[in-house]
Amino acid sequence: MTTSMPSRRVSASAPAKINLVLHVGSPDITGFHPLLTAFQAVDVWDTVTLTESATMSIECRAGFDASMVPLDDSNISWRAIELLRAHHHLDANVSIEIDKTIPIAGGMAGGSADAAATILAATTLWETDVPLHELFDITRALGSDVPFSMVGGQAIGRGRGDVLQSIDVEQPLHLVVVMSDGHLSTPKVYAELDRLRAEQIKVPDALDEDFLDAWRRGDAEALAPLLHNDLEPAALSLMPQLGNTLDQVTAAGALTAMVSGSGPSVIGLARSAKHAAEIEAALKGFGLRAISTQSTPRSAHLQQGPAGQTGSPE
Ligand code: C5P
């Protein structure tokens, strides 16, 4: 009789992000748009579990329609595994399980979170033991937001959003996220912005000092008029009904409402956790899918569990 060792499993989670400020310049010669952005991780997480396996496979679980998530080698988690295998000259297969809570194609970097969690889990599963900054080229090759999905917390992003400067804050921000029906393709939103613009735009050299001060203090009232998203007009042009969602978030009592990144998720800023819960309830009363949440200082992290077992979500 042969006894086989249980397959080793490792789980890791990575956060959703919003851009409190997003300045977008005209595209450079590579076609990418230079950014100056205030990245904020929020307490909404995707978890990726990798299990040693004879063949590659992938599945995705979500409490909402996840049929847009590709279940083949075009999935960003699968691509992350292939890049890591090539980097480490490994010939190892894994089964990939993705537990999604971040809206899909919602402008909250859900795919980037899956890539970040995959990189972290694979590095642990394969005991490759390299400092994560060595994997930076892989991280940014997978997507402009993946480096931020690894570091989480708060950061100023420059370049394509992959050049990061972390920021410490004193207080969390309370938010409501509204998941819109439908999806927006990030490249199409950038292309629409270019179409709408009559002239070449340069990003500012630095974020506004009053914004930085309010962000550091977690002062939602001071922050509300300073939130800004250059992609919002482009998202609204492609999906005009988002204008109603923005109005509903304000009508529900949010200090301000804004499209998240390239959309179509919409965020509302609240004064407190209680205020966020009230806005969430009012939005649900309007028939919208809303969740109250808060900013998080945490980065992508392993879910700890006994060796050989999946870690339990925190
Ligand atoms: O890097 P990521 O996969 O998130 O980007 C998706 C697409 O969004 C890019 O192929 C590009 O068309 C557009 N993009 C851009 N400028 C950025 C980030 C993304 O034009 N800074």
# chains A, B, ... in the order shown; residues from 1 in each chain; ligands from 1
call {"tool": "residues_near_ligand", "arguments": {"ligand": "ligand 1", "cutoff": "8 Å", "atoms": "only C-alpha atoms and all ligand atoms", "output": "list in words"}}
result
Val24, Pro27, Gly31, Phe32, His33, Pro34, Leu35, Ala109, Ser112, Arg140, Ala141, Leu142, Gly143, Ser144, Asp145, Val146, Gly159, Arg160, Gly161, Thr186, Pro187, Lys188, Val189, Tyr190 and Ala191 of chain A
call {"tool": "residues_around", "arguments": {"residues": "His275 of chain A", "least_positions_apart": "4", "cutoff": "10 Å", "atoms": "only C-alpha atoms", "output": "ChimeraX atom specification"}}
result
/A:174-176,253-255,269-271,279-281,292
call {"tool": "residues_around", "arguments": {"residues": "Arg195 of chain A", "least_positions_apart": "2", "cutoff": "12 Å", "atoms": "only C-alpha atoms", "output": "VMD selection string"}}
result
chain A and resid 26 to 27 188 to 193 197 to 200 231 233 to 234 237 to 238
call {"tool": "select_by_dssp", "arguments": {"residues": "segment 104-222 of chain A", "states": "helix (DSSP H, G or I)", "output": "PyMOL selection string"}}
result
chain A and resi 110-125+132-142+146-151+186-196+209-217+220-222
call {"tool": "select_by_dssp", "arguments": {"residues": "segment 8-236 of chain A", "states": "strand (DSSP E or B)", "output": "VMD selection string"}}
result
chain A and resid 9 to 24 35 to 53 57 to 62 93 to 100 154 to 159 163 to 166 174 to 179 228 to 229
call {"tool": "residues_around", "arguments": {"residues": "segment 210-219 of chain A", "least_positions_apart": "4", "cutoff": "10 Å", "atoms": "only C-alpha atoms", "output": "PDB file with C-alpha atoms, in the first residue's frame"}}
result
ATOM      1  CA  LEU A  20      -8.778  59.240  -3.987  1.00  0.00           C
ATOM      2  CA  VAL A  21      -7.093  61.450  -6.566  1.00  0.00           C
ATOM      3  CA  ALA A  38      -3.454  58.752  -4.375  1.00  0.00           C
ATOM      4  CA  GLN A  40      -5.965  53.855  -0.979  1.00  0.00           C
ATOM      5  CA  GLN A 154      -1.830  54.180   1.219  1.00  0.00           C
ATOM      6  CA  ILE A 156       1.235  58.063  -3.943  1.00  0.00           C
ATOM      7  CA  ILE A 167       2.047  57.317   3.179  1.00  0.00           C
ATOM      8  CA  ASP A 168       1.176  56.908   6.872  1.00  0.00           C
ATOM      9  CA  VAL A 169      -2.239  58.019   8.027  1.00  0.00           C
ATOM     10  CA  GLU A 170      -3.616  58.591  11.525  1.00  0.00           C
ATOM     11  CA  GLN A 171      -7.255  57.592  10.978  1.00  0.00           C
ATOM     12  CA  PRO A 172      -9.099  55.330   8.547  1.00  0.00           C
ATOM     13  CA  LEU A 173     -11.567  56.676   6.009  1.00  0.00           C
ATOM     14  CA  HIS A 174     -15.099  55.291   5.886  1.00  0.00           C
ATOM     15  CA  ALA A 206       2.822  66.838  -6.758  1.00  0.00           C
ATOM     16  CA  LEU A 223     -11.089  65.555   2.004  1.00  0.00           C
ATOM     17  CA  ALA A 224     -14.519  65.445   0.325  1.00  0.00           C
ATOM     18  CA  PRO A 225     -14.145  68.535  -1.924  1.00  0.00           C
ATOM     19  CA  LEU A 226     -10.562  67.521  -2.812  1.00  0.00           C
ATOM     20  CA  LEU A 227     -11.277  64.069  -4.298  1.00  0.00           C
ATOM     21  CA  ARG A 271     -17.903  60.716   8.152  1.00  0.00           C
ATOM     22  CA  SER A 295      -9.613  52.089   4.275  1.00  0.00           C
TER      23      SER A 295
END
call {"tool": "closest_residue", "arguments": {"among": "A:Leu120, A:Ala222, A:Ala235, A:Ile18", "to": "Gln303 of chain A", "atoms": "only C-alpha atoms"}}
result
A:Leu120
call {"tool": "closest_residue", "arguments": {"among": "A:Ser77, A:Thr124, A:Thr256, A:Thr296", "to": "Val48 of chain A", "atoms": "only C-alpha atoms"}}
result
A:Ser77
call {"tool": "atom_distance", "arguments": {"atom1": "atom CA of Val266 of chain A", "atom2": "atom CA of Glu59 of chain A"}}
result
27.4 Å
call {"tool": "residues_around", "arguments": {"residues": "Asp65 of chain A", "least_positions_apart": "4", "cutoff": "12 Å", "atoms": "only C-alpha atoms", "output": "number ranges by chain"}}
result
A: 60-61, 69, 100-105, 179, 181-183
call {"tool": "write_last_selection", "arguments": {"atoms": "N, CA and C atoms", "output": "compact mmCIF listing (two decimals), in the first residue's frame"}}
result
# COMPACT_ATOMS: atom_id res chain seq x y z
N CYS A 60 -13.16 29.86 -9.77
CA CYS A 60 -13.44 31.15 -9.15
C CYS A 60 -14.79 31.08 -8.45
N ARG A 61 -14.82 31.50 -7.18
CA ARG A 61 -16.08 31.55 -6.43
C ARG A 61 -16.37 33.00 -6.07
N VAL A 69 -14.94 36.29 -15.37
CA VAL A 69 -13.57 35.91 -15.00
C VAL A 69 -13.13 34.74 -15.88
N LYS A 100 -13.58 35.60 -4.69
CA LYS A 100 -13.67 37.03 -5.02
C LYS A 100 -14.70 37.75 -4.16
N THR A 101 -14.30 38.87 -3.61
CA THR A 101 -15.31 39.80 -3.08
C THR A 101 -15.17 41.17 -3.75
N ILE A 102 -14.03 41.40 -4.43
CA ILE A 102 -13.82 42.68 -5.12
C ILE A 102 -14.63 42.66 -6.43
N PRO A 103 -15.39 43.75 -6.70
CA PRO A 103 -16.17 43.77 -7.95
C PRO A 103 -15.29 43.50 -9.17
N ILE A 104 -15.85 42.80 -10.15
CA ILE A 104 -15.10 42.43 -11.36
C ILE A 104 -15.19 43.58 -12.37
N ALA A 105 -14.05 43.93 -12.96
CA ALA A 105 -14.00 45.06 -13.92
C ALA A 105 -14.71 46.28 -13.36
N MET A 179 -21.59 48.80 -6.47
CA MET A 179 -21.25 48.00 -7.65
C MET A 179 -22.28 48.26 -8.73
N ASP A 181 -24.18 47.86 -12.42
CA ASP A 181 -24.43 46.78 -13.39
C ASP A 181 -23.58 47.09 -14.60
N GLY A 182 -23.02 46.07 -15.19
CA GLY A 182 -22.18 46.28 -16.37
C GLY A 182 -20.72 46.47 -15.98
N HIS A 183 -19.88 46.51 -16.98
CA HIS A 183 -18.43 46.57 -16.77
C HIS A 183 -17.85 47.61 -17.72
call {"tool": "residues_around", "arguments": {"residues": "Val163 of chain A", "least_positions_apart": "5", "cutoff": "9 Å", "atoms": "only C-alpha atoms", "output": "PyMOL selection string"}}
result
chain A and resi 147-148+156-158
call {"tool": "atom_distance", "arguments": {"atom1": "atom CA of Leu71 of chain A", "atom2": "atom CA of Ser95 of chain A"}}
result
11.4 Å
call {"tool": "closest_residue", "arguments": {"among": "A:Thr55, A:Gln241, A:Asn19, A:Ser185", "to": "Val42 of chain A", "atoms": "only C-alpha atoms"}}
result
A:Asn19
call {"tool": "closest_residue", "arguments": {"among": "A:Asp247, A:Glu221, A:Asp208, A:Asp43", "to": "Met108 of chain A", "atoms": "only C-alpha atoms"}}
result
A:Asp43
call {"tool": "closest_residue", "arguments": {"among": "A:Val94, A:Ala14, A:Val178, A:Leu288", "to": "Gly107 of chain A", "atoms": "only C-alpha atoms"}}
result
A:Val178
call {"tool": "residues_around", "arguments": {"residues": "Ser57 of chain A", "least_positions_apart": "5", "cutoff": "10 Å", "atoms": "only C-alpha atoms", "output": "PyMOL selection string"}}
result
chain A and resi 50-51+71-73+78+93-97
call {"tool": "atom_distance", "arguments": {"atom1": "atom CA of Arg85 of chain A", "atom2": "atom CA of Pro6 of chain A"}}
result
22.0 Å
call {"tool": "closest_residue", "arguments": {"among": "A:Ala276, A:Ser166, A:Gln294, A:Ser180", "to": "Asn244 of chain A", "atoms": "only C-alpha atoms"}}
result
A:Ser180
